[in-house]
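Source file input_11.txt; content: compact mmCIF, C-alpha atoms.
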```txt
# COMPACT_ATOMS: atom_id res chain seq x y z
CA MET P 228 116.56 102.70 121.55
CA SER P 229 114.73 106.02 121.70
CA GLY P 230 111.23 107.18 120.90
CA ILE P 231 107.82 105.71 121.63
CA VAL P 232 108.17 101.95 122.16
CA LEU P 233 105.52 99.89 120.38
CA ASN P 234 105.23 96.11 120.67
CA CYS P 235 103.96 94.69 117.41
CA GLY P 236 103.20 91.01 116.88
CA TYR P 237 103.78 89.07 113.68
CA VAL P 238 103.83 85.54 112.30
CA PRO P 239 106.91 84.65 110.17
CA LEU P 240 105.55 84.95 106.64
CA VAL P 241 106.85 86.95 103.68
CA ASP P 242 103.91 89.33 103.99
CA CYS P 243 105.09 90.59 107.39
CA ALA P 244 107.58 92.54 105.24
CA PRO P 245 106.10 96.04 105.78
CA LEU P 246 106.64 95.73 109.54
CA VAL P 247 110.17 94.37 109.17
CA ILE P 248 111.15 97.02 106.63
CA ALA P 249 109.61 99.80 108.74
CA LYS P 250 111.89 98.73 111.57
CA GLU P 251 115.07 97.76 109.73
CA LEU P 252 115.26 100.64 107.23
CA GLY P 253 114.44 103.31 109.78
CA PHE P 254 110.97 104.38 108.65
CA ALA P 255 109.70 103.76 112.19
CA ALA P 256 112.65 105.59 113.76
CA GLU P 257 112.04 108.58 111.47
CA GLN P 258 108.54 108.71 112.95
CA GLY P 259 109.92 108.63 116.49
CA LEU P 260 109.03 105.00 117.08
CA ALA P 261 111.05 102.17 118.55
CA LEU P 262 109.24 99.30 116.85
CA ASN P 263 109.66 96.06 118.79
CA LEU P 264 108.63 93.12 116.59
CA VAL P 265 107.40 90.16 118.63
CA ARG P 266 107.35 86.85 116.76
CA GLN P 267 104.32 84.62 117.45
CA PRO P 268 104.04 80.84 116.99
CA SER P 269 100.43 80.84 115.74
CA TRP P 270 97.53 83.12 114.86
CA SER P 271 95.60 82.11 117.98
CA ALA P 272 98.57 83.05 120.18
CA LEU P 273 98.88 86.40 118.42
CA ARG P 274 95.15 87.10 118.75
CA ASP P 275 95.21 86.41 122.50
CA MET P 276 98.36 88.49 123.06
CA LEU P 277 96.73 91.47 121.34
CA ALA P 278 93.36 91.05 123.04
CA LEU P 279 94.99 90.82 126.49
CA GLY P 280 97.09 93.94 125.93
CA HIS P 281 100.51 92.26 125.73
CA LEU P 282 100.86 93.67 122.20
CA ASP P 283 100.05 97.21 121.07
CA ALA P 284 99.48 96.28 117.42
CA ALA P 285 99.83 93.23 115.22
CA GLN P 286 99.89 91.78 111.76
CA MET P 287 96.59 89.92 111.47
CA LEU P 288 94.73 87.80 108.95
CA SER P 289 92.16 90.17 107.44
CA PRO P 290 89.10 88.29 108.79
CA MET P 291 90.41 88.30 112.38
CA PRO P 292 89.42 91.89 113.33
CA VAL P 293 86.08 91.37 111.58
CA ALA P 294 85.41 88.13 113.47
CA MET P 295 86.43 89.68 116.79
CA SER P 296 84.33 92.80 116.17
CA ILE P 297 81.19 90.75 115.52
CA GLY P 298 81.82 88.43 118.47
CA LEU P 299 83.04 85.27 116.77
CA GLY P 300 85.61 83.01 118.41
CA GLY P 301 88.27 83.59 121.02
CA LEU P 302 88.44 86.43 123.50
CA PRO P 303 85.81 89.16 123.27
CA ALA P 304 87.65 92.27 122.12
CA ARG P 305 86.92 95.03 119.65
CA VAL P 306 89.82 95.14 117.20
CA ASP P 307 90.22 97.48 114.21
CA ALA P 308 92.20 97.20 110.97
CA LEU P 309 94.19 100.41 110.53
CA MET P 310 95.37 99.52 107.03
CA VAL P 311 95.94 96.54 104.78
CA LEU P 312 99.48 95.12 105.08
CA SER P 313 99.30 92.82 102.05
CA VAL P 314 97.06 91.73 99.20
CA ASN P 315 97.19 88.11 97.93
CA GLY P 316 100.42 86.15 98.55
CA THR P 317 98.93 82.71 99.32
CA VAL P 318 99.08 79.34 97.52
CA PHE P 319 97.00 76.17 97.36
CA GLY P 320 99.02 72.95 97.20
CA VAL P 321 98.47 69.21 97.37
CA SER P 322 100.57 66.26 98.50
CA ASN P 323 102.67 64.54 95.85
CA ALA P 324 100.42 61.48 96.12
CA LEU P 325 97.30 63.54 95.47
CA ALA P 326 99.03 65.43 92.64
CA ALA P 327 99.70 62.12 90.90
CA GLU P 328 96.05 61.19 91.34
CA LEU P 329 94.84 64.48 89.84
CA GLY P 330 96.87 64.16 86.64
CA ASP P 331 98.07 67.05 84.51
CA VAL P 332 96.30 70.20 85.79
CA ARG P 333 97.81 73.49 84.71
CA PHE P 334 98.85 75.82 87.55
CA GLY P 335 96.12 78.37 88.17
CA ASP P 336 93.34 76.56 86.29
CA THR P 337 90.73 76.80 89.05
CA ALA P 338 87.98 75.01 87.12
CA ALA P 339 90.13 72.04 86.03
CA LEU P 340 91.58 71.66 89.52
CA LEU P 341 88.14 71.68 91.13
CA ALA P 342 86.87 69.15 88.60
CA ALA P 343 89.85 66.85 89.23
CA LEU P 344 89.37 67.04 93.01
CA SER P 345 85.66 66.35 92.63
CA ALA P 346 86.32 63.26 90.51
CA ARG P 347 87.99 61.35 93.36
CA GLY P 348 84.92 59.23 94.11
CA GLY P 349 83.59 61.06 97.15
CA LYS P 350 86.75 60.79 99.25
CA PRO P 351 86.96 63.73 101.69
CA LEU P 352 89.78 66.19 101.14
CA ARG P 353 91.68 67.15 104.30
CA VAL P 354 92.89 70.72 103.78
CA GLY P 355 95.30 72.49 106.12
CA ILE P 356 94.49 76.14 106.79
CA PRO P 357 96.39 78.42 109.20
CA PHE P 358 93.36 79.66 111.14
CA HIS P 359 89.58 79.40 111.05
CA TYR P 360 89.07 83.15 110.60
CA SER P 361 91.39 83.52 107.62
CA MET P 362 91.13 84.58 104.00
CA HIS P 363 92.54 81.13 103.19
CA ARG P 364 89.42 79.46 104.60
CA LEU P 365 87.01 81.96 103.06
CA LEU P 366 88.55 81.57 99.61
CA LEU P 367 88.61 77.79 99.98
CA SER P 368 84.92 77.79 100.91
CA TYR P 369 84.01 80.24 98.14
CA TRP P 370 85.91 78.27 95.50
CA THR P 371 84.69 74.82 96.51
CA SER P 372 81.06 76.01 96.73
CA GLN P 373 81.09 75.41 92.96
CA ALA P 374 81.52 71.67 93.70
CA PRO P 375 78.85 70.82 96.31
CA ASP P 376 79.67 67.10 96.22
CA LEU P 377 83.30 67.70 97.25
CA GLN P 378 83.74 66.96 100.94
CA ILE P 379 86.22 69.29 102.65
CA GLU P 380 87.67 68.63 106.09
CA GLU P 381 89.40 71.75 107.37
CA VAL P 382 92.38 71.17 109.65
CA THR P 383 94.02 74.09 111.46
CA VAL P 384 97.81 73.96 111.09
CA PRO P 385 100.22 76.83 111.93
CA PRO P 386 101.93 78.02 108.70
CA MET P 387 105.38 76.89 109.87
CA ARG P 388 104.05 73.32 110.37
CA MET P 389 102.25 72.96 107.03
CA ALA P 390 105.01 71.07 105.18
CA ASP P 391 105.39 68.65 108.12
CA ALA P 392 101.63 68.07 108.20
CA VAL P 393 101.71 67.06 104.51
CA SER P 394 104.78 64.87 105.03
CA ASP P 395 103.14 63.11 107.99
CA GLY P 396 99.99 62.39 105.96
CA PHE P 397 97.95 64.53 108.36
CA ILE P 398 96.55 66.60 105.46
CA ASP P 399 96.06 66.02 101.72
CA ALA P 400 96.24 69.67 100.70
CA PHE P 401 96.82 73.13 102.15
CA TRP P 402 96.18 76.83 101.67
CA VAL P 403 99.00 78.88 103.15
CA GLY P 404 100.99 82.09 102.83
CA GLU P 405 104.47 82.04 101.40
CA PRO P 406 107.18 80.93 102.02
CA TRP P 407 105.51 77.90 103.60
CA GLY P 408 104.09 76.48 100.37
CA GLY P 409 107.54 76.82 98.86
CA VAL P 410 109.00 74.97 101.86
CA ALA P 411 106.68 72.02 101.15
CA VAL P 412 107.89 72.00 97.52
CA GLN P 413 111.55 72.27 98.51
CA ASN P 414 111.06 69.39 100.97
CA ASN P 415 109.61 67.44 98.03
CA VAL P 416 106.36 66.61 99.83
CA ALA P 417 103.89 68.73 97.82
CA GLN P 418 103.06 70.52 94.58
CA LEU P 419 101.51 73.98 94.28
CA MET P 420 98.36 74.09 92.15
CA MET P 421 97.27 77.74 92.20
CA ALA P 422 97.70 81.10 93.89
CA GLY P 423 95.08 82.68 96.09
CA ARG P 424 94.68 85.46 93.54
CA ASP P 425 93.40 82.88 91.04
CA VAL P 426 90.20 82.77 93.13
CA TRP P 427 90.00 86.49 94.01
CA GLN P 428 92.43 88.74 92.18
CA PHE P 429 92.59 91.36 94.95
CA ALA P 430 92.01 89.65 98.29
CA PRO P 431 93.12 91.59 101.41
CA GLU P 432 95.34 89.04 103.13
CA LYS P 433 96.91 90.69 106.20
CA VAL P 434 96.05 93.89 108.04
CA LEU P 435 97.73 96.09 110.64
CA ALA P 436 95.41 95.76 113.62
CA ALA P 437 95.06 97.17 117.12
CA ARG P 438 92.44 97.25 119.84
CA HIS P 439 89.75 99.86 119.31
CA ASP P 440 90.24 101.41 122.77
CA TRP P 441 94.04 101.50 122.40
CA ILE P 442 93.67 103.35 119.08
CA ALA P 443 91.43 105.95 120.69
CA GLN P 444 93.87 106.46 123.57
CA ASN P 445 97.05 106.57 121.46
CA GLU P 446 96.22 108.74 118.45
CA ASP P 447 99.76 110.06 118.04
CA SER P 448 101.38 106.60 118.19
CA VAL P 449 98.80 105.28 115.72
CA ARG P 450 99.57 108.09 113.27
CA ARG P 451 103.32 107.50 113.52
CA LEU P 452 102.94 103.73 113.10
CA MET P 453 100.67 104.04 110.07
CA ARG P 454 103.03 106.50 108.39
CA ALA P 455 106.05 104.27 108.95
CA VAL P 456 104.27 101.20 107.60
CA TYR P 457 102.87 103.13 104.62
CA GLN P 458 106.37 104.29 103.65
CA ALA P 459 107.77 100.78 104.09
CA SER P 460 105.00 99.37 101.87
CA ALA P 461 105.77 101.89 99.14
CA TRP P 462 109.47 101.00 99.33
CA LEU P 463 108.67 97.29 99.06
CA ASP P 464 106.67 97.62 95.85
CA ALA P 465 109.55 99.28 93.98
CA PRO P 466 111.14 96.46 91.90
CA LYS P 467 114.68 97.74 92.50
CA ASN P 468 114.27 97.14 96.25
CA LYS P 469 113.29 93.45 96.07
CA PRO P 470 116.83 91.99 96.48
CA LEU P 471 117.51 94.01 99.64
CA ALA P 472 114.05 93.15 100.98
CA VAL P 473 114.78 89.44 100.51
CA GLU P 474 118.08 89.79 102.37
CA ILE P 475 116.54 91.68 105.30
CA LEU P 476 113.58 89.33 105.65
CA GLY P 477 115.79 86.26 105.68
CA ARG P 478 117.68 87.27 108.81
CA SER P 479 117.32 84.96 111.79
CA GLU P 480 115.39 87.43 113.93
CA HIS P 481 112.69 87.71 111.24
CA LEU P 482 111.97 84.67 109.04
CA SER P 483 115.24 82.75 109.43
CA MET P 484 114.88 81.52 105.84
CA SER P 485 117.19 81.15 102.88
CA PRO P 486 116.71 83.84 100.19
CA ASP P 487 115.59 81.28 97.60
CA LEU P 488 112.46 80.62 99.69
CA ILE P 489 111.63 84.30 100.18
CA ASP P 490 112.36 85.65 96.70
CA PRO P 491 109.51 83.85 94.82
CA ALA P 492 106.75 85.62 96.78
CA LEU P 493 108.27 89.07 96.31
CA THR P 494 108.98 88.57 92.60
CA GLY P 495 105.96 86.44 91.70
CA HIS P 496 108.14 83.63 90.33
CA ILE P 497 106.43 80.62 91.92
CA VAL P 498 107.99 77.15 91.60
CA PRO P 499 105.04 74.71 91.52
CA LYS P 500 106.99 71.50 92.05
CA GLN P 501 110.55 70.40 92.66
CA ASN P 502 112.90 70.99 89.69
CA ALA P 503 110.16 72.78 87.69
CA SER P 504 110.59 76.14 86.01
CA PRO P 505 108.95 79.04 87.86
CA VAL P 506 105.46 80.14 86.90
CA VAL P 507 105.23 83.94 86.69
CA VAL P 508 102.17 85.07 88.66
CA ASP P 509 101.27 88.70 88.00
CA ARG P 510 100.47 90.63 91.20
CA PHE P 511 101.16 87.55 93.32
CA LEU P 512 101.75 89.74 96.40
CA GLN P 513 101.08 93.47 96.68
CA PHE P 514 101.89 95.87 99.48
CA HIS P 515 101.30 99.41 98.18
CA ASN P 516 100.60 99.86 94.48
CA HIS P 517 97.00 100.23 93.27
CA ALA P 518 95.78 101.30 96.74
CA ALA P 519 96.77 97.91 98.17
CA SER P 520 97.11 99.29 101.69
CA PHE P 521 93.75 101.09 101.72
CA PRO P 522 91.23 99.40 104.09
CA TRP P 523 88.18 99.21 101.84
CA ARG P 524 85.07 98.91 103.99
CA SER P 525 83.45 96.82 101.24
CA GLN P 526 86.20 94.22 101.72
CA ALA P 527 85.23 94.02 105.39
CA ALA P 528 81.59 93.60 104.31
CA TRP P 529 82.56 90.70 101.98
CA ILE P 530 84.45 89.02 104.81
CA ALA P 531 81.58 89.45 107.28
CA HIS P 532 79.03 88.20 104.74
CA HIS P 533 81.07 85.04 104.18
CA LEU P 534 81.41 84.58 107.93
CA GLY P 535 77.60 84.45 108.05
CA ALA P 536 77.01 87.88 109.60
CA ASP P 537 73.62 89.57 109.44
CA ALA P 538 73.08 93.20 108.38
CA GLU P 539 74.04 94.52 111.82
CA GLY P 540 77.20 92.39 111.86
CA ILE P 541 78.18 93.62 108.41
CA LYS P 542 77.74 97.21 109.61
CA LYS P 543 80.06 96.51 112.59
CA ALA P 544 82.59 94.86 110.28
CA MET P 545 82.68 97.84 107.93
CA ALA P 546 83.29 100.15 110.90
CA CYS P 547 86.34 98.14 111.99
CA PHE P 548 88.16 98.76 108.68
CA ARG P 549 89.41 102.26 109.53
CA SER P 550 89.45 104.08 106.22
CA ASP P 551 88.71 107.22 108.25
CA LEU P 552 92.04 106.97 110.08
CA TYR P 553 93.85 106.06 106.85
CA ARG P 554 92.61 109.32 105.30
CA GLN P 555 93.24 111.34 108.45
CA ASN P 556 96.79 110.11 109.10
CA LEU P 557 98.24 109.67 105.62
CA SER P 558 96.75 112.41 103.41
CA ASP P 559 99.40 114.98 104.28
CA ILE P 560 102.34 112.69 103.40
CA GLY P 561 101.21 112.37 99.81
CA ALA P 562 99.02 109.26 99.90
CA ASP P 563 96.49 109.25 97.08
CA MET P 564 93.02 108.66 98.52
CA PRO P 565 90.15 107.03 96.62
CA GLY P 566 87.00 109.12 96.30
CA ALA P 567 84.97 106.50 98.16
CA SER P 568 85.72 104.02 100.94
CA GLU P 569 83.58 101.25 99.44
CA LYS P 570 83.33 99.69 95.99
CA GLU P 571 81.59 96.84 94.24
CA GLU P 572 84.00 93.98 94.90
CA GLY P 573 84.90 91.86 91.89
CA ALA P 574 83.76 94.40 89.29
CA LEU P 575 87.17 95.29 87.85
CA ALA P 576 88.33 92.96 85.07
CA SER P 577 91.31 95.16 84.12
CA PRO P 578 93.36 98.02 85.64
CA THR P 579 90.93 100.91 86.12
CA ALA P 580 91.45 104.62 86.81
CA VAL P 581 89.18 105.92 89.57
CA ALA P 582 88.49 109.28 91.17
CA SER P 583 91.07 110.10 93.84
CA SER P 584 92.51 113.00 95.82
CA ARG P 585 95.60 113.33 93.61
CA GLY P 586 94.01 112.04 90.43
CA GLN P 587 96.60 109.30 89.99
CA MET P 588 94.84 106.17 91.24
CA ILE P 589 94.62 103.04 89.10
CA LEU P 590 93.06 100.05 90.81
CA SER P 591 94.14 96.48 90.10
CA PRO P 592 91.74 93.93 88.64
CA ASP P 593 89.74 92.46 91.51
CA ALA P 594 87.62 89.86 89.72
CA PHE P 595 86.45 86.65 91.37
CA PHE P 596 87.12 83.38 89.53
CA ASP P 597 83.40 82.81 88.90
CA GLY P 598 82.67 86.27 87.50
CA ARG P 599 80.33 87.22 90.33
CA THR P 600 80.45 90.60 92.08
CA PHE P 601 79.65 91.61 95.64
CA ASP P 602 77.49 94.66 96.40
CA PHE P 603 78.24 95.68 99.97
CA SER P 604 75.10 97.82 100.18
CA ALA P 605 72.83 94.84 99.47
CA ALA P 606 74.62 92.34 101.73
CA GLY P 607 72.79 91.15 104.81
CA ARG P 608 69.41 92.58 103.86
```
Rewrite the structure of this file - the entire thing - as structure tokens.
Amino acid sequence: MSGIVLNCGYVPLVDCAPLVIAKELGFAAEQGLALNLVRQPSWSALRDMLALGHLDAAQMLSPMPVAMSIGLGGLPARVDALMVLSVNGTVFGVSNALAAELGDVRFGDTAALLAALSARGGKPLRVGIPFHYSMHRLLLSYWTSQAPDLQIEEVTVPPMRMADAVSDGFIDAFWVGEPWGGVAVQNNVAQLMMAGRDVWQFAPEKVLAARHDWIAQNEDSVRRLMRAVYQASAWLDAPKNKPLAVEILGRSEHLSMSPDLIDPALTGHIVPKQNASPVVVDRFLQFHNHAASFPWRSQAAWIAHHLGADAEGIKKAMACFRSDLYRQNLSDIGADMPGASEKEEGALASPTAVASSRGQMILSPDAFFDGRTFDFSAAGR
């Protein structure tokens, strides 16, 4: 292997795809990088490996760099998000026993599902989430805030263990990234009730992260890594490339999964329960299109606000989403840049053309399920 060697951590989920494709299809090599992907058993293990310098960069849950930058949880380390790796791509599911109790709730009907869960006579709902500082938990909290009488007990379960946790009766429900919801369905222990995008249509799920000091000391490596991942993300969002992406991801050194578990997330054909027809979920998982990889500072502000940060914390959070480096490192390879680095989150009900460097940017709908919007400039005052 030649070039600059970079150790990059990941957790085996479908949305690690940009890193895998950057390595396997040579986008990293074209940038002079030998990208060494280091599989991690849990998000806490990955966080510690990055903070302690055993990894150069990592796939991270989008709230992790924000939490670390404002001093919440784990090792004290300043970590930045270089770019967004994936938008959406998660599912909320319940055990078969709970599904029978809830009755006939249509997939994606957030209001009916919340009403059915609330009508269980005050019984607490034990929900598996992959990590405390995750978009899964923030969306769960945001969604269930509409039902104040619903008692939620959050249980941290690594994604790969989620189906077992349901089977063992350890949890009643879960919020997890694919393919692990699909695994629970295939094992016939759970039913999927909605996608994460049913709560927030454009939620930044994973980011490419690195330590702030390492970024400052390795500007050339950072630029090469971002370019490779950007090109891989663009390749992934071309429909014609999905079959090859499924094949590459399924290999034992990456996800070690059968293609039928990986394909649904990439195509948006989600099977809600065993032997059911797939539900087509538009924009289930996005990597590149509609500025999916751009690290909007207003997204960081939303995350920090929902982690309970004050105005100063929100300011630190916005600084750790490195839209400056995204512009600096990707403009000259043809990336279309939005005219601003912040926006009112939740304001777009339909695809919307916005001012951009190449004049070709159309943003996806980003509405929240409750119709509210988030003004980053007013948060934390």
| Neighbours of point (100.4, 88.4, 111.9) within 12 Å, using all atoms listed in the file, written as number ranges by chain | P: 235-247, 264-277, 282, 284-292, 311-313, 357-358, 361, 385-386, 404, 432-437
| query | Could you pull the residues within 9 Å of Phe595 (chain P), counting all atoms listed in the file, minus those fewer than 4 positions along the same chain, as a count of residues only? | reply | 11
| said: What's the separation between CA of Arg305 (chain P) and CA of Ile248 (chain P), in Å to one decimal place? | reply: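 Atom-to-atom, CA of Arg305 (chain P) to CA of Ile248 (chain P), that is 27.6 Å.
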| Which is closest to Val403 (chain P) among P:Ala374, P:Ala256, P:Leu366, P:Val506, if we use all atoms listed in the file? | P:Leu366
| Minimum-distance residue to Glu571 (chain P), chosen among P:Asp602, P:Asp593, P:Asp490, P:Asp331 (using only C-alpha atoms) | P:Asp602
